[in-house]
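Participant: I am sharing model-v5.txt, which consists of compact mmCIF, C-alpha atoms and all ligand atoms:
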```
# COMPACT_ATOMS: atom_id res chain seq x y z
CA MET A 1 -156.08 -328.26 170.78
CA ASP A 2 -158.93 -327.20 173.06
CA LEU A 3 -160.04 -323.70 172.06
CA GLY A 4 -162.34 -323.39 175.05
CA LEU A 5 -165.42 -323.01 172.86
CA ASP A 6 -167.31 -326.14 173.90
CA GLY A 7 -170.76 -325.12 175.16
CA ARG A 8 -170.17 -321.41 174.43
CA VAL A 9 -172.73 -319.45 172.40
CA CYS A 10 -171.55 -317.71 169.23
CA VAL A 11 -173.42 -315.54 166.73
CA VAL A 12 -172.23 -315.31 163.12
CA THR A 13 -173.77 -312.91 160.59
CA GLY A 14 -173.64 -313.71 156.90
CA ALA A 15 -173.47 -317.32 158.01
CA SER A 16 -175.32 -318.93 155.10
CA SER A 17 -172.40 -318.75 152.66
CA GLY A 18 -168.65 -318.38 152.23
CA ILE A 19 -166.52 -317.17 155.12
CA GLY A 20 -169.43 -316.89 157.54
CA LEU A 21 -170.61 -320.43 156.90
CA ALA A 22 -167.07 -321.82 157.22
CA THR A 23 -166.71 -319.95 160.53
CA ALA A 24 -170.05 -321.23 161.83
CA ARG A 25 -169.00 -324.78 160.92
CA ARG A 26 -165.65 -324.47 162.68
CA LEU A 27 -167.22 -323.01 165.83
CA SER A 28 -169.79 -325.77 165.79
CA VAL A 29 -167.10 -328.47 165.39
CA GLU A 30 -165.52 -327.02 168.55
CA GLY A 31 -168.80 -327.69 170.36
CA ALA A 32 -170.09 -324.11 170.41
CA GLY A 33 -173.79 -323.39 169.97
CA VAL A 34 -174.05 -321.17 166.90
CA LEU A 35 -176.76 -318.75 165.78
CA LEU A 36 -176.51 -318.36 162.01
CA VAL A 37 -177.83 -315.03 160.70
CA ALA A 38 -178.55 -314.03 157.09
CA ARG A 39 -181.56 -312.99 154.99
CA HIS A 40 -182.55 -316.06 152.94
CA VAL A 41 -184.23 -318.83 154.92
CA ASP A 42 -183.56 -321.72 152.52
CA ALA A 43 -179.83 -321.02 152.44
CA LEU A 44 -179.79 -320.66 156.23
CA ASP A 45 -181.51 -324.02 156.67
CA LEU A 46 -179.01 -325.72 154.36
CA ALA A 47 -176.13 -324.05 156.17
CA ALA A 48 -177.45 -325.08 159.58
CA ALA A 49 -177.82 -328.68 158.42
CA SER A 50 -174.10 -328.72 157.55
CA CYS A 51 -173.05 -327.64 161.08
CA GLY A 52 -172.57 -329.73 164.20
CA PRO A 53 -172.04 -331.28 166.66
CA GLY A 54 -172.69 -328.04 168.55
CA ARG A 55 -176.27 -326.81 168.77
CA VAL A 56 -177.42 -324.66 165.86
CA ALA A 57 -180.17 -322.06 165.40
CA THR A 58 -180.97 -319.66 162.58
CA LEU A 59 -182.27 -316.12 162.34
CA SER A 60 -183.48 -314.56 159.11
CA LEU A 61 -182.55 -310.91 159.38
CA ASP A 62 -181.53 -308.10 157.05
CA MET A 63 -178.51 -306.66 158.83
CA THR A 64 -179.27 -303.13 157.61
CA GLY A 65 -182.27 -302.82 159.95
CA ALA A 66 -182.16 -300.41 162.89
CA ASP A 67 -182.93 -303.09 165.52
CA VAL A 68 -180.55 -305.88 164.44
CA GLY A 69 -178.59 -305.84 167.69
CA GLU A 70 -181.64 -306.26 169.91
CA ARG A 71 -183.18 -308.92 167.64
CA ALA A 72 -180.02 -311.02 167.31
CA LEU A 73 -179.30 -310.84 171.04
CA GLU A 74 -182.86 -311.84 171.87
CA ALA A 75 -182.74 -314.77 169.42
CA ALA A 76 -179.38 -315.99 170.73
CA ARG A 77 -180.66 -315.93 174.31
CA ALA A 78 -183.97 -317.59 173.44
CA GLU A 79 -182.44 -320.37 171.29
CA LEU A 80 -179.01 -320.99 172.78
CA GLY A 81 -178.14 -318.85 175.82
CA GLU A 82 -175.93 -315.88 176.72
CA PRO A 83 -173.52 -315.09 173.88
CA TRP A 84 -169.76 -315.46 174.25
CA ALA A 85 -168.69 -314.52 170.71
CA LEU A 86 -170.00 -312.40 167.85
CA VAL A 87 -168.66 -312.48 164.29
CA ASN A 88 -169.84 -309.50 162.22
CA ASN A 89 -169.29 -310.94 158.76
CA ALA A 90 -172.30 -310.08 156.56
CA GLY A 91 -171.14 -308.14 153.52
CA THR A 92 -171.21 -307.93 149.78
CA MET A 93 -169.97 -305.80 146.90
CA ASP A 94 -170.29 -305.18 143.18
CA VAL A 95 -167.67 -303.78 140.83
CA VAL A 96 -168.54 -300.10 140.27
CA ALA A 97 -166.17 -297.46 138.90
CA LEU A 98 -165.59 -294.43 141.12
CA ALA A 99 -167.37 -292.09 138.70
CA ASP A 100 -170.43 -294.36 138.63
CA LEU A 101 -170.96 -294.70 142.38
CA VAL A 102 -174.16 -293.00 143.50
CA ASP A 103 -175.30 -291.98 147.00
CA ARG A 104 -177.20 -295.23 147.43
CA ASP A 105 -174.00 -297.29 146.87
CA TRP A 106 -172.15 -295.31 149.53
CA ASN A 107 -175.05 -295.50 151.97
CA ASP A 108 -175.62 -299.24 151.41
CA GLN A 109 -171.98 -300.10 152.10
CA TRP A 110 -171.95 -297.86 155.18
CA ASP A 111 -175.15 -299.43 156.52
CA LEU A 112 -174.02 -303.03 156.06
CA ASN A 113 -170.41 -302.74 157.22
CA VAL A 114 -170.40 -299.91 159.75
CA MET A 115 -173.91 -299.39 161.10
CA ALA A 116 -174.73 -303.10 161.29
CA SER A 117 -171.45 -303.92 163.08
CA MET A 118 -171.94 -300.95 165.43
CA ARG A 119 -175.55 -301.86 166.21
CA MET A 120 -174.58 -305.47 166.93
CA MET A 121 -171.67 -304.45 169.17
CA ARG A 122 -173.82 -301.84 170.93
CA SER A 123 -176.15 -304.65 172.04
CA PHE A 124 -173.70 -307.52 172.46
CA ALA A 125 -170.66 -305.89 174.10
CA PRO A 126 -172.49 -304.72 177.27
CA ALA A 127 -174.19 -308.12 177.57
CA MET A 128 -170.84 -309.90 177.23
CA ALA A 129 -169.30 -307.53 179.77
CA ARG A 130 -172.05 -308.35 182.27
CA GLY A 131 -171.35 -312.05 181.67
CA GLY A 132 -167.65 -311.63 182.48
CA GLY A 133 -166.22 -311.18 178.98
CA GLY A 134 -166.40 -312.30 175.38
CA ARG A 135 -165.03 -312.03 171.87
CA ILE A 136 -166.04 -309.94 168.86
CA VAL A 137 -164.58 -310.34 165.37
CA ASN A 138 -165.36 -307.81 162.63
CA VAL A 139 -164.72 -309.17 159.14
CA SER A 140 -163.36 -306.24 157.16
CA SER A 141 -161.15 -306.67 154.10
CA SER A 142 -157.70 -306.05 152.66
CA SER A 143 -159.64 -303.37 150.75
CA GLY A 144 -160.04 -301.62 154.10
CA LYS A 145 -156.26 -301.40 154.45
CA ARG A 146 -155.55 -300.19 150.93
CA SER A 147 -158.25 -298.87 148.67
CA SER A 148 -159.54 -301.12 145.91
CA GLY A 149 -160.41 -299.66 142.51
CA ASN A 150 -163.24 -302.18 142.20
CA ASN A 151 -165.55 -300.27 144.56
CA ALA A 152 -164.39 -297.26 146.59
CA ALA A 153 -167.60 -297.21 148.65
CA TYR A 154 -166.84 -300.75 149.83
CA SER A 155 -163.22 -299.85 150.65
CA VAL A 156 -164.15 -296.73 152.58
CA ALA A 157 -166.76 -298.58 154.62
CA LYS A 158 -164.31 -301.42 155.33
CA THR A 159 -161.70 -298.88 156.53
CA ALA A 160 -164.32 -297.30 158.80
CA GLN A 161 -165.16 -300.77 160.12
CA LEU A 162 -161.54 -301.09 161.24
CA ALA A 163 -161.74 -297.79 163.15
CA LEU A 164 -165.05 -298.87 164.68
CA SER A 165 -163.50 -302.15 165.74
CA ARG A 166 -160.64 -300.33 167.49
CA ALA A 167 -163.10 -297.98 169.25
CA TYR A 168 -165.00 -300.94 170.71
CA ALA A 169 -161.75 -302.73 171.60
CA ASP A 170 -160.66 -299.70 173.63
CA GLY A 171 -164.11 -299.21 175.13
CA TYR A 172 -164.52 -302.77 176.41
CA ALA A 173 -160.98 -304.04 177.12
CA ALA A 174 -161.29 -303.38 180.85
CA GLU A 175 -164.42 -305.52 180.93
CA GLY A 176 -162.87 -308.50 179.18
CA VAL A 177 -164.66 -308.12 175.84
CA LEU A 178 -161.91 -308.50 173.23
CA VAL A 179 -162.61 -306.95 169.84
CA ASN A 180 -160.55 -307.62 166.72
CA ALA A 181 -160.88 -307.25 162.97
CA LEU A 182 -159.98 -309.54 160.10
CA ALA A 183 -158.71 -308.27 156.77
CA PRO A 184 -159.13 -311.15 154.33
CA GLY A 185 -157.69 -310.85 150.88
CA MET A 186 -159.33 -312.36 147.80
CA THR A 187 -161.02 -315.56 148.92
CA ASP A 188 -162.72 -318.37 147.00
CA THR A 189 -166.35 -317.83 147.99
CA PRO A 190 -169.63 -317.37 146.10
CA LEU A 191 -168.98 -313.60 146.24
CA TRP A 192 -166.30 -314.19 143.59
CA HIS A 193 -167.45 -317.39 141.92
CA ALA A 194 -171.25 -317.26 141.76
CA GLU A 195 -172.71 -316.51 138.34
CA GLY A 196 -172.61 -312.73 137.97
CA GLY A 197 -170.21 -312.50 140.95
CA LEU A 198 -166.97 -310.56 141.18
CA GLY A 199 -165.17 -312.90 138.75
CA ASP A 200 -167.67 -312.08 136.02
CA GLN A 201 -167.89 -308.41 136.99
CA VAL A 202 -164.13 -307.80 136.96
CA ALA A 203 -163.91 -309.60 133.61
CA ALA A 204 -166.68 -307.42 132.17
CA ALA A 205 -165.15 -304.21 133.54
CA ARG A 206 -161.76 -305.06 132.01
CA GLY A 207 -163.14 -306.56 128.82
CA VAL A 208 -161.27 -309.84 129.29
CA PRO A 209 -162.44 -313.46 129.68
CA ARG A 210 -163.37 -314.51 133.22
CA GLU A 211 -160.46 -316.99 133.50
CA GLN A 212 -157.98 -314.28 132.55
CA ALA A 213 -159.50 -311.86 135.08
CA LEU A 214 -159.14 -314.50 137.81
CA SER A 215 -155.60 -315.51 136.86
CA ASP A 216 -154.53 -311.83 136.72
CA ALA A 217 -156.00 -311.37 140.21
CA ARG A 218 -154.15 -314.46 141.49
CA ALA A 219 -150.88 -313.17 140.00
CA LYS A 220 -151.04 -310.09 142.28
CA ILE A 221 -151.08 -312.25 145.44
CA PRO A 222 -147.61 -313.19 146.77
CA LEU A 223 -148.80 -316.71 147.65
CA GLY A 224 -150.11 -317.01 144.07
CA ARG A 225 -153.68 -318.03 144.84
CA PHE A 226 -156.94 -316.94 146.45
CA GLY A 227 -157.51 -317.93 150.06
CA THR A 228 -160.04 -320.58 150.98
CA GLU A 229 -163.03 -319.73 153.14
CA ASP A 230 -161.76 -322.22 155.71
CA GLU A 231 -158.39 -320.42 155.95
CA ILE A 232 -160.19 -317.21 156.90
CA ALA A 233 -162.54 -319.08 159.24
CA ALA A 234 -159.57 -320.65 161.06
CA VAL A 235 -158.32 -317.22 162.11
CA ALA A 236 -161.81 -315.98 162.99
CA THR A 237 -162.32 -319.07 165.16
CA PHE A 238 -158.99 -318.54 166.92
CA LEU A 239 -159.97 -314.93 167.69
CA CYS A 240 -163.20 -316.26 169.26
CA SER A 241 -161.27 -318.68 171.44
CA GLU A 242 -159.88 -318.62 174.98
CA ASP A 243 -156.41 -318.83 173.43
CA ALA A 244 -156.80 -315.32 171.99
CA ALA A 245 -156.97 -313.94 175.55
CA PHE A 246 -154.26 -311.29 175.01
CA VAL A 247 -155.38 -310.09 171.58
CA THR A 248 -157.58 -307.02 171.27
CA GLY A 249 -157.72 -303.98 169.00
CA ALA A 250 -155.84 -305.86 166.28
CA VAL A 251 -156.40 -306.17 162.54
CA TRP A 252 -155.36 -309.62 161.33
CA SER A 253 -154.48 -309.78 157.65
CA VAL A 254 -155.33 -313.15 156.09
CA ASP A 255 -154.47 -312.26 152.53
CA GLY A 256 -151.61 -314.37 151.22
CA GLY A 257 -149.31 -311.37 151.61
CA SER A 258 -151.36 -309.02 149.41
CA VAL A 259 -151.09 -305.82 151.45
CA PRO A 260 -147.36 -304.99 151.70
CA THR A 261 -147.27 -303.28 155.09
CA VAL A 262 -145.60 -304.24 158.36
CA ILE A 263 -148.56 -303.24 160.57
N1 LIG B 1 -164.56 -313.26 149.36
C1 LIG B 1 -163.61 -312.33 149.42
O1 LIG B 1 -162.72 -312.27 148.54
C2 LIG B 1 -163.56 -311.36 150.58
C3 LIG B 1 -162.40 -310.61 150.76
C4 LIG B 1 -162.34 -309.70 151.81
C5 LIG B 1 -163.41 -309.55 152.66
N2 LIG B 1 -164.53 -310.28 152.46
C6 LIG B 1 -165.65 -310.04 153.39
O2 LIG B 1 -166.01 -311.27 154.00
C7 LIG B 1 -167.41 -311.25 154.32
C8 LIG B 1 -168.07 -312.49 153.76
O3 LIG B 1 -167.89 -312.51 152.36
P1 LIG B 1 -168.05 -313.85 151.50
O4 LIG B 1 -167.06 -313.77 150.41
O5 LIG B 1 -168.10 -315.02 152.38
O6 LIG B 1 -169.49 -313.54 150.83
P2 LIG B 1 -170.70 -314.49 150.41
O7 LIG B 1 -170.26 -315.88 150.15
O8 LIG B 1 -171.40 -313.75 149.32
O9 LIG B 1 -171.63 -314.50 151.71
C9 LIG B 1 -172.20 -313.30 152.17
C10 LIG B 1 -173.12 -313.62 153.35
O10 LIG B 1 -173.64 -312.38 153.85
C11 LIG B 1 -175.06 -312.44 153.87
N3 LIG B 1 -175.59 -311.10 153.66
C12 LIG B 1 -175.35 -310.27 152.62
N4 LIG B 1 -176.06 -309.14 152.75
C13 LIG B 1 -176.76 -309.27 153.92
C14 LIG B 1 -177.68 -308.44 154.62
N5 LIG B 1 -178.07 -307.23 154.14
N6 LIG B 1 -178.20 -308.88 155.78
C15 LIG B 1 -177.84 -310.09 156.27
N7 LIG B 1 -176.97 -310.91 155.66
C16 LIG B 1 -176.45 -310.50 154.49
C17 LIG B 1 -175.43 -313.46 152.77
O11 LIG B 1 -176.69 -314.08 152.96
P3 LIG B 1 -178.06 -313.46 152.40
O12 LIG B 1 -177.78 -312.97 151.01
O13 LIG B 1 -179.05 -314.60 152.46
O14 LIG B 1 -178.43 -312.37 153.33
C18 LIG B 1 -174.31 -314.47 152.97
O15 LIG B 1 -174.62 -315.32 154.06
C19 LIG B 1 -167.96 -309.94 153.75
O16 LIG B 1 -168.03 -308.96 154.78
C20 LIG B 1 -166.91 -309.54 152.72
O17 LIG B 1 -166.88 -308.15 152.50
C21 LIG B 1 -164.64 -311.19 151.45
```
Go ahead and render the structure in this file as structure tokens.
Ligand SMILES: NC(=O)c1ccc[n+]([C@@H]2O[C@H](COP(=O)([O-])OP(=O)(O)OC[C@H]3O[C@@H](n4cnc5c(N)ncnc54)[C@H](OP(=O)(O)O)[C@@H]3O)[C@@H](O)[C@H]2O)c1

Facilitator:
Amino acid sequence: MDLGLDGRVCVVTGASSGIGLATARRLSVEGAGVLLVARHVDALDLAAASCGPGRVATLSLDMTGADVGERALEAARAELGEPWALVNNAGTMDVVALADLVDRDWNDQWDLNVMASMRMMRSFAPAMARGGGGRIVNVSSSSGKRSSGNNAAYSVAKTAQLALSRAYADGYAAEGVLVNALAPGMTDTPLWHAEGGLGDQVAAARGVPREQALSDARAKIPLGRFGTEDEIAAVATFLCSEDAAFVTGAVWSVDGGSVPTVI
């Protein structure tokens, strides 16, 4: 199936690991030129080496900076050309009980999920509109659709990211810039499985062995397992494609049935 991405320029944040890396790889397999954005240069270089055949470039950038939109747009243009698609995916979380969350936790989640996505869209959406259209995908979370007890600051920011996504979808529909959000459920990425990651943190918070924490989490998912990063990337890639030409303002759950709602 031709997704119409060959030769297009796409920018993916949080592209050195997990869902972002899987999305960058898929876009690149479709022939898109991809700018991979994250903080750590070594991981970015490794990630870039695993992409192709589309052209690849990297940008080391902390997405919480005030000028991320301008810098990413400038890098995309300089390295690859005018952007067609943007995937706002950079994100992270730790397990913190509601009573233990401090102002910094709330501000950090807001900056990374809401302000970074807004700053990127504020730069990219007008540029895409001038170029005749484009695609933006905001990677939120099932925790944005129903609050997670693991970190309320993360959930609240992910819910706000959904509202932000809808605002940009409405603001740019007439100009052909289609904006959608993804709500992945629990997914097998380093966020969960790295040493000290969510697997270990949930186990510590509940006082159970890591394997039990993970199997209890799996048992809550109707499909009985975590998603793979490639399963989330497949939907993100579709939303970046020509085939998604009548989809905007949507939130696509990719969660194995975890959030039991009909919208
Ligand atoms: N895995 C899940 O179960 C799950 C479920 C729902 C939603 N999500 C969402 O999916 C997205 C990707 O998660 P993942 O599981 O793939 O995580 P991951 O494997 O930990 O990858 C996170 C990526 O984000 C980058 N990043 C983190 N903080 C950054 C910052 N301040 N500036 C720039 N880049 C930053 C990381 O690179 P650097 O550290 O080098 O910057 C890395 O490339 C996140 O938004 C997450 O909230 C994940």

Participant: Taking 2 positions as the minimum chain separation for residues in the same chain, which residues sit within 9 Å of A:Gly257 when counting all atoms listed in the file? Answer as a list in words.

Facilitator: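 Selected residues are Gly185, Ile221, Pro222, Leu223, Ser253, Val254, Asp255, Val259 and Pro260 of chain A.
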
Participant: Give the answer as one residue: which of A:Arg130, A:Arg206, A:Arg104, A:Arg39 has the shortest atom-to-atom distance to ligand LIG 1 (chain B), using all atoms listed in the file?

Facilitator: A:Arg39

Participant: Using all atoms listed in the file, find each residue with an atom at most 8 Å away from ligand LIG 1 (chain B) and format the answer as a VMD selection string.

Facilitator: chain A and resid 13 to 21 37 to 41 43 to 44 60 to 64 88 to 93 112 to 113 139 to 143 154 158 183 to 192 226 to 227 229

Participant: Report, in Å with one decimal, the straight-line distance from atom CA of A:Val34 to atom CA of A:Ala194.

Facilitator: 25.6 Å

Participant: Return the single residue from A:Arg166, A:Glu195, A:Phe124, A:Val95 that is closest to A:Asn150, with distances computed using all atoms listed in the file.

Facilitator: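 Result for the nearest residue to A:Asn150: A:Val95.
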
Participant: Under the rule that only C-alpha atoms are counted, which of A:Asp42, A:Asp94, A:Glu79, A:Glu30 is the nearest residue to A:Gly197?

Facilitator: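 For A:Gly197, the nearest of the given residues is A:Asp94.
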
Participant: Excluding A:Pro126 and residues on its chain fewer than 3 positions from it, collect all residues at most 12 Å away from it, counting all atoms listed in the file, and give them as an MDAnalysis selection string.

Facilitator: chainID A and resid 69:70 73 82:84 119:123 129:136 168 171:178

Participant: Do you have the atom CA of A:Gly196-atom CA of A:Pro209 distance handy?

Facilitator: 13.1 Å

Participant: Please indicate the distance in Å from atom CA of A:Leu164 to atom CA of A:Met118, rounded to one decimal place.

Facilitator: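 Between these atoms lies a distance of 7.2 Å.
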
Participant: Give me, as a VMD selection string, all polymer residues having an atom no more than 9 Å from A:Val9, counting only C-alpha atoms and skipping those fewer than 2 positions away in the same chain.

Facilitator: chain A and resid 5 to 7 11 32 to 35 55 76 to 77 80 to 86
